[in-house]
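As stored in query_17.txt (compact mmCIF, C-alpha atoms):
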# COMPACT_ATOMS: atom_id res chain seq x y z
CA MET A 1 65.27 97.23 -28.22
CA THR A 2 66.91 100.26 -26.65
CA GLU A 3 64.62 101.39 -23.83
CA GLU A 4 65.80 100.58 -20.37
CA ARG A 5 64.13 97.63 -18.78
CA LEU A 6 63.02 97.58 -15.17
CA THR A 7 64.59 94.99 -12.95
CA GLN A 8 62.66 92.22 -11.27
CA THR A 9 61.68 92.63 -7.60
CA PRO A 10 63.28 89.72 -5.73
CA SER A 11 61.33 86.94 -4.06
CA GLN A 12 61.28 86.29 -0.31
CA THR A 13 60.00 83.30 1.59
CA ILE A 14 56.33 83.13 2.47
CA GLY A 15 57.49 82.34 6.02
CA PRO A 16 55.54 80.33 8.60
CA PHE A 17 52.80 82.80 9.48
CA PHE A 18 50.51 83.12 6.44
CA GLY A 19 47.72 80.93 7.78
CA PHE A 20 45.61 83.87 8.93
CA ALA A 21 46.03 85.71 5.65
CA LEU A 22 46.26 83.65 2.48
CA PRO A 23 43.87 80.69 2.73
CA ILE A 24 40.59 81.34 0.92
CA GLU A 25 37.25 79.82 1.67
CA ARG A 26 36.76 76.58 -0.31
CA GLY A 27 40.06 77.40 -1.98
CA SER A 28 40.74 73.74 -2.71
CA GLU A 29 37.49 73.46 -4.70
CA ILE A 30 38.25 74.56 -8.22
CA VAL A 31 34.92 72.82 -8.62
CA PRO A 32 32.92 71.22 -5.78
CA GLY A 33 33.50 67.48 -5.42
CA HIS A 34 29.91 66.66 -6.35
CA ARG A 35 30.11 68.38 -9.75
CA GLU A 36 29.76 65.99 -12.66
CA GLY A 37 33.21 65.08 -13.92
CA ALA A 38 34.98 66.27 -10.77
CA ILE A 39 38.33 64.70 -10.05
CA ARG A 40 40.48 64.69 -6.95
CA LEU A 41 44.13 65.71 -7.28
CA HIS A 42 45.96 65.17 -4.04
CA GLY A 43 49.26 64.20 -2.50
CA THR A 44 51.79 64.79 0.21
CA VAL A 45 54.58 67.37 0.23
CA THR A 46 57.80 66.07 1.79
CA ASP A 47 61.26 67.45 2.50
CA GLY A 48 64.72 66.01 1.94
CA ALA A 49 64.39 63.79 5.01
CA GLY A 50 61.07 62.43 3.80
CA ALA A 51 59.22 64.34 6.52
CA PRO A 52 55.84 65.84 5.64
CA ILE A 53 55.77 69.60 5.17
CA VAL A 54 52.88 70.82 7.26
CA ASP A 55 53.26 74.53 6.54
CA ALA A 56 53.13 74.69 2.75
CA ILE A 57 50.50 76.38 0.63
CA LEU A 58 49.85 75.25 -2.94
CA GLU A 59 48.20 76.93 -5.87
CA ALA A 60 46.68 75.14 -8.85
CA TRP A 61 46.10 76.85 -12.19
CA GLN A 62 44.74 75.14 -15.27
CA LEU A 63 42.72 75.15 -18.46
CA ASP A 64 39.08 74.13 -18.44
CA GLU A 65 37.79 70.79 -19.73
CA THR A 66 37.87 71.98 -23.32
CA GLY A 67 41.47 73.19 -23.15
CA THR A 68 40.49 76.87 -22.92
CA VAL A 69 41.70 79.52 -20.49
CA SER A 70 38.81 80.55 -18.25
CA GLN A 71 38.06 84.28 -18.21
CA GLN A 72 35.43 83.97 -15.51
CA ARG A 73 35.72 86.38 -12.60
CA GLY A 74 35.55 85.21 -9.04
CA ALA A 75 38.78 83.27 -8.59
CA LEU A 76 38.68 84.18 -4.89
CA ALA A 77 34.98 84.53 -4.21
CA ARG A 78 33.89 81.13 -5.43
CA ASP A 79 30.23 80.53 -6.10
CA GLY A 80 30.50 76.77 -6.58
CA TYR A 81 29.11 76.88 -10.13
CA GLY A 82 31.55 78.51 -12.50
CA PHE A 83 35.08 77.50 -13.35
CA THR A 84 37.96 79.92 -12.93
CA GLY A 85 40.78 77.37 -13.05
CA PHE A 86 42.45 78.67 -9.88
CA GLY A 87 42.77 76.93 -6.53
CA ARG A 88 44.73 77.50 -3.34
CA THR A 89 45.07 75.16 -0.38
CA SER A 90 47.34 74.58 2.62
CA THR A 91 48.88 71.27 3.55
CA ASP A 92 47.42 69.65 6.66
CA LEU A 93 49.19 68.23 9.71
CA ALA A 94 50.23 65.20 7.63
CA GLY A 95 51.64 67.37 4.82
CA HIS A 96 48.70 66.38 2.63
CA TYR A 97 46.78 68.57 0.19
CA THR A 98 43.70 68.01 -1.97
CA PHE A 99 42.20 69.88 -4.89
CA THR A 100 38.89 68.99 -6.47
CA THR A 101 38.76 70.09 -10.06
CA LEU A 102 37.95 69.09 -13.61
CA LYS A 103 40.53 67.39 -15.74
CA PRO A 104 41.93 70.06 -18.05
CA GLY A 105 41.82 69.66 -21.78
CA ALA A 106 44.98 69.80 -23.83
CA ALA A 107 46.13 72.93 -25.61
CA GLY A 108 48.61 73.06 -28.42
CA ARG A 109 51.08 70.21 -28.42
CA SER A 110 51.42 69.74 -24.69
CA ALA A 111 49.62 67.00 -22.81
CA PRO A 112 46.96 67.99 -20.24
CA TYR A 113 48.33 69.12 -16.88
CA VAL A 114 47.66 71.27 -13.83
CA LEU A 115 50.31 73.86 -12.98
CA ILE A 116 51.15 73.54 -9.28
CA THR A 117 53.01 76.25 -7.36
CA VAL A 118 54.51 75.46 -3.95
CA PHE A 119 55.19 78.05 -1.25
CA ALA A 120 56.58 77.28 2.21
CA ARG A 121 58.86 78.42 4.97
CA GLY A 122 62.38 77.54 3.87
CA LEU A 123 61.56 78.11 0.19
CA THR A 124 63.20 81.44 -0.58
CA HIS A 125 61.41 81.36 -3.92
CA HIS A 126 58.30 79.40 -4.86
CA LEU A 127 58.57 76.26 -6.98
CA PHE A 128 56.56 75.51 -10.12
CA THR A 129 55.76 72.00 -11.23
CA ARG A 130 53.15 70.34 -13.45
CA ALA A 131 50.86 67.44 -12.59
CA TYR A 132 50.17 65.36 -15.72
CA PHE A 133 47.70 62.46 -15.92
CA PRO A 134 48.67 58.81 -16.35
CA GLU A 135 46.11 57.94 -19.04
CA ASP A 136 47.64 60.40 -21.52
CA ALA A 137 50.77 58.37 -22.24
CA GLU A 138 50.43 58.92 -25.98
CA ALA A 139 50.40 62.71 -25.60
CA HIS A 140 53.25 62.52 -23.10
CA ALA A 141 55.50 61.17 -25.82
CA ASN A 142 55.27 64.54 -27.60
CA ASP A 143 55.42 66.81 -24.55
CA LYS A 144 58.53 69.00 -24.51
CA ILE A 145 58.73 69.36 -20.74
CA LEU A 146 58.42 65.64 -20.10
CA ALA A 147 61.11 65.10 -22.71
CA ALA A 148 63.35 67.70 -21.05
CA ALA A 149 62.82 66.05 -17.67
CA GLY A 150 64.34 62.83 -19.01
CA GLN A 151 64.54 59.99 -16.52
CA ARG A 152 62.88 62.10 -13.85
CA ALA A 153 59.76 62.73 -15.97
CA SER A 154 57.76 60.18 -13.95
CA THR A 155 57.77 62.63 -11.02
CA LEU A 156 55.54 64.89 -13.13
CA VAL A 157 52.89 62.25 -13.81
CA SER A 158 50.18 61.66 -11.22
CA VAL A 159 49.09 58.14 -10.29
CA ALA A 160 45.48 56.99 -10.55
CA ASP A 161 44.55 55.84 -7.06
CA GLY A 162 40.82 55.39 -7.21
CA ARG A 163 37.73 56.41 -9.11
CA SER A 164 38.38 59.93 -10.48
CA SER A 165 41.29 60.33 -8.08
CA TYR A 166 44.92 61.10 -8.86
CA ARG A 167 47.82 61.13 -6.46
CA PHE A 168 50.60 63.66 -7.04
CA ASP A 169 53.20 63.63 -4.29
CA ILE A 170 55.72 66.47 -4.23
CA ARG A 171 59.23 65.76 -2.95
CA LEU A 172 61.22 68.93 -2.56
CA GLN A 173 64.57 67.21 -2.26
CA GLY A 174 66.35 63.87 -2.40
CA GLU A 175 65.14 60.45 -3.53
CA GLY A 176 62.46 60.89 -6.19
CA GLU A 177 62.86 64.68 -6.11
CA THR A 178 60.06 66.26 -8.11
CA VAL A 179 61.01 68.07 -11.30
CA PHE A 180 60.57 71.81 -10.82
CA LEU A 181 60.34 74.26 -13.69
CA ASP A 182 62.07 77.52 -14.56
CA PHE A 183 60.07 79.69 -16.95
CA ASP A 184 62.61 82.51 -16.95
CA ALA A 185 64.90 80.87 -19.46
CA MET B 1 70.26 75.80 19.85
CA SER B 2 73.75 77.14 20.07
CA ILE B 3 74.40 78.82 16.72
CA THR B 4 75.39 82.40 17.35
CA GLN B 5 74.69 85.50 15.31
CA ASP B 6 78.42 85.79 14.64
CA GLU B 7 78.48 82.36 13.02
CA ILE B 8 75.43 83.19 10.91
CA THR B 9 76.88 86.56 9.94
CA ALA B 10 80.11 84.89 8.83
CA GLU B 11 78.11 82.48 6.65
CA ILE B 12 76.13 85.39 5.19
CA GLU B 13 79.33 87.23 4.32
CA ALA B 14 80.86 84.14 2.72
CA VAL B 15 77.89 83.72 0.37
CA GLU B 16 77.91 87.39 -0.53
CA ALA B 17 81.64 87.19 -1.33
CA ASP B 18 80.96 84.14 -3.49
CA ALA B 19 78.20 85.97 -5.38
CA ALA B 20 80.44 89.03 -5.85
CA SER B 21 83.24 86.89 -7.25
CA LEU B 22 80.85 85.35 -9.79
CA VAL B 23 79.84 88.85 -10.91
CA ALA B 24 83.49 89.91 -11.06
CA ALA B 25 84.11 86.92 -13.32
CA GLY B 26 81.47 88.22 -15.73
CA GLY B 27 78.31 86.61 -14.39
CA SER B 28 74.96 88.36 -14.04
CA PRO B 29 74.01 89.62 -10.57
CA GLU B 30 71.61 87.26 -8.82
CA LEU B 31 68.11 88.77 -8.97
CA HIS B 32 66.45 86.34 -6.60
CA PRO B 33 67.52 84.68 -3.34
CA ARG B 34 69.49 81.46 -3.44
CA ARG B 35 67.27 78.46 -2.82
CA ASP B 36 70.08 76.65 -1.03
CA TYR B 37 71.06 79.30 1.48
CA ALA B 38 72.68 77.76 4.56
CA PRO B 39 72.38 80.79 6.90
CA TYR B 40 68.59 80.40 6.64
CA ARG B 41 68.46 76.96 8.20
CA SER B 42 65.00 76.00 6.96
CA THR B 43 66.29 75.91 3.38
CA ARG B 44 68.51 72.93 4.15
CA LEU B 45 65.99 70.15 3.57
CA ARG B 46 63.65 72.16 1.38
CA HIS B 47 65.68 73.22 -1.65
CA PRO B 48 65.76 71.07 -4.78
CA THR B 49 69.17 69.59 -5.48
CA HIS B 50 68.53 69.15 -9.21
CA GLU B 51 68.66 72.12 -11.51
CA LEU B 52 65.25 73.43 -12.46
CA VAL B 53 64.10 72.27 -15.88
CA ARG B 54 63.82 75.18 -18.25
CA ALA B 55 60.39 75.43 -19.76
CA ASP B 56 58.70 77.52 -22.41
CA PRO B 57 55.41 78.66 -20.91
CA GLU B 58 52.23 77.36 -22.51
CA GLU B 59 49.14 79.54 -22.87
CA ILE B 60 47.88 78.81 -19.35
CA GLU B 61 51.18 79.96 -17.89
CA ARG B 62 51.15 83.18 -19.91
CA VAL B 63 47.89 84.36 -18.32
CA SER B 64 46.69 84.83 -14.74
CA PRO B 65 43.41 84.18 -12.95
CA ALA B 66 40.81 86.85 -13.64
CA PHE B 67 40.58 88.45 -10.24
CA GLY B 68 38.25 91.38 -10.08
CA HIS B 69 36.59 93.94 -7.92
CA SER B 70 33.91 91.41 -7.03
CA ASP B 71 36.60 89.42 -5.24
CA VAL B 72 37.86 92.16 -2.95
CA ASN B 73 36.02 94.80 -0.94
CA PRO B 74 37.83 98.17 -1.26
CA LEU B 75 37.75 98.48 2.54
CA GLU B 76 40.13 95.52 2.78
CA SER B 77 43.02 97.82 1.85
CA ASP B 78 42.67 99.63 5.19
CA LEU B 79 44.08 97.41 7.93
CA THR B 80 43.22 99.96 10.62
CA ILE B 81 39.42 99.79 10.33
CA GLN B 82 38.76 96.08 10.63
CA HIS B 83 37.81 96.18 14.32
CA SER B 84 35.89 98.42 16.67
CA GLY B 85 38.91 100.42 17.83
CA GLU B 86 42.13 101.88 16.48
CA PRO B 87 45.18 99.61 16.39
CA ILE B 88 48.18 100.67 18.43
CA GLY B 89 51.26 101.76 16.50
CA GLU B 90 52.65 104.15 13.95
CA ARG B 91 49.91 104.67 11.36
CA MET B 92 51.18 104.69 7.80
CA THR B 93 50.29 104.41 4.16
CA VAL B 94 52.17 102.10 1.81
CA THR B 95 51.59 102.92 -1.81
CA GLY B 96 53.21 102.21 -5.13
CA ARG B 97 52.74 100.67 -8.54
CA VAL B 98 53.01 97.15 -9.89
CA LEU B 99 54.79 97.20 -13.25
CA ASP B 100 56.13 94.73 -15.75
CA GLY B 101 59.66 94.81 -17.08
CA ASP B 102 58.72 97.30 -19.79
CA GLY B 103 57.24 99.67 -17.23
CA ARG B 104 53.67 98.83 -18.20
CA PRO B 105 51.19 98.81 -15.34
CA VAL B 106 49.88 95.48 -14.09
CA ARG B 107 46.18 96.37 -13.92
CA GLY B 108 43.28 94.79 -12.10
CA GLN B 109 45.38 92.21 -10.32
CA LEU B 110 45.26 90.90 -6.79
CA ILE B 111 47.68 92.08 -4.10
CA GLU B 112 47.56 90.46 -0.67
CA VAL B 113 49.52 91.69 2.36
CA TRP B 114 50.03 90.35 5.85
CA GLN B 115 52.17 91.50 8.74
CA ALA B 116 52.90 91.49 12.45
CA ASN B 117 51.42 94.14 14.71
CA SER B 118 53.40 97.05 16.14
CA ALA B 119 54.73 94.82 18.93
CA GLY B 120 56.04 92.26 16.45
CA ARG B 121 53.33 89.65 17.00
CA TYR B 122 51.39 87.80 14.30
CA VAL B 123 47.79 86.70 14.63
CA HIS B 124 48.86 83.09 14.15
CA LYS B 125 48.68 80.34 16.71
CA GLY B 126 52.18 79.27 15.83
CA ASP B 127 53.59 82.65 16.86
CA GLN B 128 54.42 82.29 20.54
CA HIS B 129 56.50 85.46 20.81
CA PRO B 130 55.53 86.89 24.22
CA ALA B 131 54.44 90.26 22.85
CA PRO B 132 50.85 91.44 23.07
CA LEU B 133 48.24 90.74 20.43
CA ASP B 134 46.28 93.83 19.45
CA PRO B 135 42.52 93.21 19.50
CA ASN B 136 42.16 95.96 16.91
CA PHE B 137 44.69 94.64 14.42
CA SER B 138 44.63 91.45 12.34
CA GLY B 139 47.37 92.44 9.92
CA VAL B 140 45.71 91.19 6.71
CA GLY B 141 44.84 93.27 3.67
CA ARG B 142 43.89 92.81 0.02
CA ALA B 143 43.48 95.10 -2.95
CA ILE B 144 43.06 95.05 -6.71
CA THR B 145 45.58 97.19 -8.60
CA GLY B 146 44.22 100.23 -10.43
CA ASP B 147 44.51 101.24 -14.08
CA ASN B 148 48.04 102.54 -13.56
CA GLY B 149 49.04 99.48 -11.55
CA GLU B 150 48.71 101.48 -8.35
CA TYR B 151 47.90 100.14 -4.90
CA ARG B 152 47.52 101.76 -1.48
CA PHE B 153 47.30 100.21 1.95
CA THR B 154 46.65 102.00 5.24
CA THR B 155 48.16 100.12 8.15
CA ILE B 156 50.45 100.45 11.14
CA LYS B 157 54.19 99.88 11.05
CA PRO B 158 55.02 96.29 12.01
CA GLY B 159 57.55 95.63 14.75
CA PRO B 160 60.62 93.44 14.44
CA TYR B 161 60.19 89.98 15.92
CA PRO B 162 62.34 87.13 17.18
CA TRP B 163 62.59 83.75 15.47
CA ARG B 164 64.50 80.57 16.09
CA ASN B 165 66.91 80.33 13.19
CA HIS B 166 69.76 80.90 15.63
CA LEU B 167 70.34 82.39 19.06
CA ASN B 168 68.98 85.92 19.43
CA ALA B 169 67.69 86.03 15.84
CA TRP B 170 65.44 88.98 14.96
CA ARG B 171 63.64 89.74 11.73
CA PRO B 172 63.72 93.34 10.48
CA ALA B 173 60.26 94.92 10.32
CA HIS B 174 58.55 93.85 7.10
CA ILE B 175 55.24 93.45 5.32
CA HIS B 176 54.61 90.29 3.30
CA PHE B 177 53.29 90.89 -0.23
CA SER B 178 51.69 88.36 -2.58
CA LEU B 179 51.34 89.42 -6.21
CA PHE B 180 49.93 88.17 -9.49
CA GLY B 181 51.17 89.49 -12.81
CA THR B 182 49.56 89.27 -16.20
CA ALA B 183 51.22 85.85 -16.59
CA PHE B 184 51.21 83.17 -13.91
CA THR B 185 54.96 82.85 -14.43
CA GLN B 186 55.23 86.34 -12.84
CA ARG B 187 53.69 85.12 -9.57
CA LEU B 188 55.65 86.60 -6.69
CA ILE B 189 55.62 86.43 -2.92
CA THR B 190 58.04 88.77 -1.23
CA GLN B 191 58.57 91.13 1.70
CA MET B 192 58.83 94.92 1.87
CA TYR B 193 61.22 96.45 4.38
CA PHE B 194 61.73 99.93 5.87
CA PRO B 195 64.71 102.24 5.32
CA ALA B 196 67.87 101.95 7.44
CA ASP B 197 66.81 98.97 9.55
CA PRO B 198 69.75 98.01 11.80
CA LEU B 199 68.79 94.31 11.49
CA PHE B 200 69.39 94.07 7.72
CA ALA B 201 72.98 92.88 7.96
CA LEU B 202 72.04 90.21 10.48
CA ASP B 203 68.97 88.73 8.82
CA PRO B 204 69.44 85.55 6.78
CA ILE B 205 66.11 85.99 4.99
CA TYR B 206 66.82 89.48 3.69
CA GLN B 207 70.42 88.45 2.99
CA SER B 208 69.37 85.32 1.07
CA ILE B 209 69.43 87.68 -1.91
CA ALA B 210 73.20 87.70 -2.28
CA ASP B 211 73.41 90.78 -4.51
CA PRO B 212 73.28 94.03 -2.48
CA ALA B 213 71.56 96.05 -5.22
CA ALA B 214 68.93 93.34 -5.71
CA ARG B 215 67.97 93.09 -2.04
CA ALA B 216 67.83 96.88 -1.72
CA ARG B 217 64.88 96.71 -4.16
CA LEU B 218 62.83 95.37 -1.26
CA ILE B 219 63.18 98.54 0.80
CA GLY B 220 60.37 101.07 0.58
CA THR B 221 61.26 104.75 0.61
CA TYR B 222 59.87 107.33 2.98
CA ASP B 223 57.75 109.72 0.90
CA HIS B 224 56.77 112.88 2.69
CA SER B 225 54.23 113.75 -0.01
CA GLU B 226 52.35 110.60 1.03
CA SER B 227 52.37 111.54 4.71
CA VAL B 228 49.14 113.07 5.99
CA SER B 229 49.39 115.95 8.44
CA GLU B 230 48.67 114.88 12.02
CA PHE B 231 47.59 111.44 10.81
CA SER B 232 50.07 109.10 9.09
CA LEU B 233 53.49 108.61 7.49
CA GLY B 234 53.88 107.64 3.85
CA TYR B 235 56.05 104.99 2.23
CA ARG B 236 56.38 104.25 -1.45
CA TRP B 237 57.34 100.90 -2.91
CA ASP B 238 57.08 99.92 -6.58
CA ILE B 239 57.11 96.27 -7.56
CA VAL B 240 58.39 94.90 -10.85
CA LEU B 241 57.19 91.57 -12.19
CA THR B 242 59.19 90.57 -15.23
CA GLY B 243 57.92 87.57 -17.06
CA PRO B 244 59.56 84.82 -18.97
CA ARG B 245 61.35 86.22 -21.97
CA ALA B 246 58.77 84.74 -24.30
CA THR B 247 56.18 87.26 -23.08
CA TRP B 248 58.22 90.31 -23.87
CA MET B 249 60.92 89.36 -26.35
CA GLU B 250 58.95 87.24 -28.73
CA GLY B 251 60.96 86.73 -31.86
CA GLU B 252 64.15 88.12 -30.35
CA GLU B 253 67.21 86.28 -29.24
CA ALA B 254 67.79 86.07 -25.54
CA HIS B 255 70.98 87.89 -24.71
CA ASP B 256 71.97 86.02 -21.62
Go ahead and express the file in the form of structure tokens.
Amino acid sequence: MTEERLTQTPSQTIGPFFGFALPIERGSEIVPGHREGAIRLHGTVTDGAGAPIVDAILEAWQLDETGTVSQQRGALARDGYGFTGFGRTSTDLAGHYTFTTLKPGAAGRSAPYVLITVFARGLTHHLFTRAYFPEDAEAHANDKILAAAGQRASTLVSVADGRSSYRFDIRLQGEGETVFLDFDA
Amino acid sequence: MSITQDEITAEIEAVEADAASLVAAGGSPELHPRRDYAPYRSTRLRHPTHELVRADPEEIERVSPAFGHSDVNPLESDLTIQHSGEPIGERMTVTGRVLDGDGRPVRGQLIEVWQANSAGRYVHKGDQHPAPLDPNFSGVGRAITGDNGEYRFTTIKPGPYPWRNHLNAWRPAHIHFSLFGTAFTQRLITQMYFPADPLFALDPIYQSIADPAARARLIGTYDHSESVSEFSLGYRWDIVLTGPRATWMEGEEAHD
């Protein structure tokens, strides 16, 4: 490969003042909560002092129920019927977020998961993580990322906390720090 | 709050010297800001202390949501026509292309922008800077990139604004950009700046990118061919979203 490659544009923090710009209507509803098979994926985002982060925005991105990438248009303008696999929601005054979605199917050799991206003031660069599901323990045994995470892998697995509800807390720093991923390796 | 600009500037210079010494010792220049960047105080409790776990992207991470023209009205790229009157400030066009690391256009993807008004005030209840809001300016725009990866926003030049990182802290004028690539791993949120801003050297957010050449990539260039006679000034800013190596070097060894 001899042609010159272009160099990446650097990241900058999202800052504190995105609330009038980035949130999208019903952005947390990858599917509406009343849809058959809908699950709740929710949790709290906390900092290194354990304090809730009230000014974060999270994006979810995932396969559909059959393990296929959705090609449906309308990831912003949601009609409540289709499935685009994309969600975006802000944390509330308690640092809490909620997505309603469908549990993704598995693809390839990895276990089912939802890719979560975290943006906030104080994050100079967003953070990627994956929310896996507790009932897939068998598939987790063969998942390369969970293996690479070692003893901290449990931070990537959500906890069932009710009917069709999964809790996935995100700790940016310190005790129980969530595993974050680097895809640029 | 008693931290002075001089103390912050000294911290900024120390990190830059550290980054330069790593390059002098044979390391690669840092392309992105440091996550743990003390001069920007909000990073202190918000950066991970563990190294990120390196991951090969799966299929879902090698694609992006299918945004389309049904998601975004073309008028949303003009931030000066969203209200009944004209916003106050220096009218300008910001245009450029979104490209991948091979120079291929990133087509049909969503770009979102947001910014302060010409007085340096955001339409956000958390912004208590005592500068006037402009009833004719919200400072929010969206667009879908064209076939050549091009985008174009009409807006007014944002003003610098004060923040509370330290005493007498001011952000250089900037426009926030949110971008999607062809792969979700290329997701990028960043800020575009304007040439020769005297606040660059003092700003811990701009300076969080420790490599001088890397942070200069965030500065748009004045482009007279994009200025419109008796109407607006033109700025050009291209954005490069390189992906994980697997998307562009499949089958090749990584060199670094």
- Identify all chain B residues at most 6 Å from chain A by counting all atoms listed in the file; ligands do not count. Present them as a ChimeraX atom specification. /B:31-32,35,42-43,45-46,48,52-55,66-67,71,101-102,140,189-191,239-242,244
Save the residues we just selected, C-alpha atoms, as an mmCIF file, in the frame of the given file?
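So result_39.cif came out as:
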data_model
loop_
_atom_site.group_PDB
_atom_site.id
_atom_site.type_symbol
_atom_site.label_atom_id
_atom_site.label_comp_id
_atom_site.auth_asym_id
_atom_site.auth_seq_id
_atom_site.Cartn_x
_atom_site.Cartn_y
_atom_site.Cartn_z
ATOM 1 C CA LEU B 31 68.110 88.770 -8.970
ATOM 2 C CA HIS B 32 66.450 86.340 -6.600
ATOM 3 C CA ARG B 35 67.270 78.460 -2.820
ATOM 4 C CA SER B 42 65.000 76.000 6.960
ATOM 5 C CA THR B 43 66.290 75.910 3.380
ATOM 6 C CA LEU B 45 65.990 70.150 3.570
ATOM 7 C CA ARG B 46 63.650 72.160 1.380
ATOM 8 C CA PRO B 48 65.760 71.070 -4.780
ATOM 9 C CA LEU B 52 65.250 73.430 -12.460
ATOM 10 C CA VAL B 53 64.100 72.270 -15.880
ATOM 11 C CA ARG B 54 63.820 75.180 -18.250
ATOM 12 C CA ALA B 55 60.390 75.430 -19.760
ATOM 13 C CA ALA B 66 40.810 86.850 -13.640
ATOM 14 C CA PHE B 67 40.580 88.450 -10.240
ATOM 15 C CA ASP B 71 36.600 89.420 -5.240
ATOM 16 C CA GLY B 101 59.660 94.810 -17.080
ATOM 17 C CA ASP B 102 58.720 97.300 -19.790
ATOM 18 C CA VAL B 140 45.710 91.190 6.710
ATOM 19 C CA ILE B 189 55.620 86.430 -2.920
ATOM 20 C CA THR B 190 58.040 88.770 -1.230
ATOM 21 C CA GLN B 191 58.570 91.130 1.700
ATOM 22 C CA ILE B 239 57.110 96.270 -7.560
ATOM 23 C CA VAL B 240 58.390 94.900 -10.850
ATOM 24 C CA LEU B 241 57.190 91.570 -12.190
ATOM 25 C CA THR B 242 59.190 90.570 -15.230
ATOM 26 C CA PRO B 244 59.560 84.820 -18.970
#
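Straight-line separation from CA of Glu11 (chain B) to CA of Gln207 (chain B): 10.4 Å.
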- Message: Please determine, counting all atoms listed in the file, which residue among B:Ala25, B:Leu179, B:Ala213, B:Ile88 has the shortest atom-to-atom distance to Tyr151 (chain B).
- Response: B:Leu179
- Find the distance between CA of Gly139 (chain B) and CA of Gln115 (chain B) and write it in Å to one decimal.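 If I compute the distance from CA of Gly139 (chain B) to CA of Gln115 (chain B), I get 5.0 Å.
Note that the spacing between CA of Pro134 (chain A) and CA of Ile30 (chain A) amounts to 20.6 Å.
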- Message: Excluding Ile57 (chain A) and its own-chain neighbours fewer than 3 positions away, which residues fall within 8 Å of it when counting all atoms listed in the file? Please give them as a PyMOL selection string.
- Response: chain A and resi 88-91+118-120
- Message: Which residues are near Pro87 (chain B)? Cut-off 8 Å, only C-alpha atoms, ignore same chain within fewer than 3 positions. Put them as a PyMOL selection string.
- Response: chain B and resi 80+134-137+156
- Note on the structure: Shortest contact to Asp64 (chain A), candidates A:Ala38, A:Ala147, A:Leu102, A:Ile170, atoms counted only C-alpha atoms, goes to A:Leu102
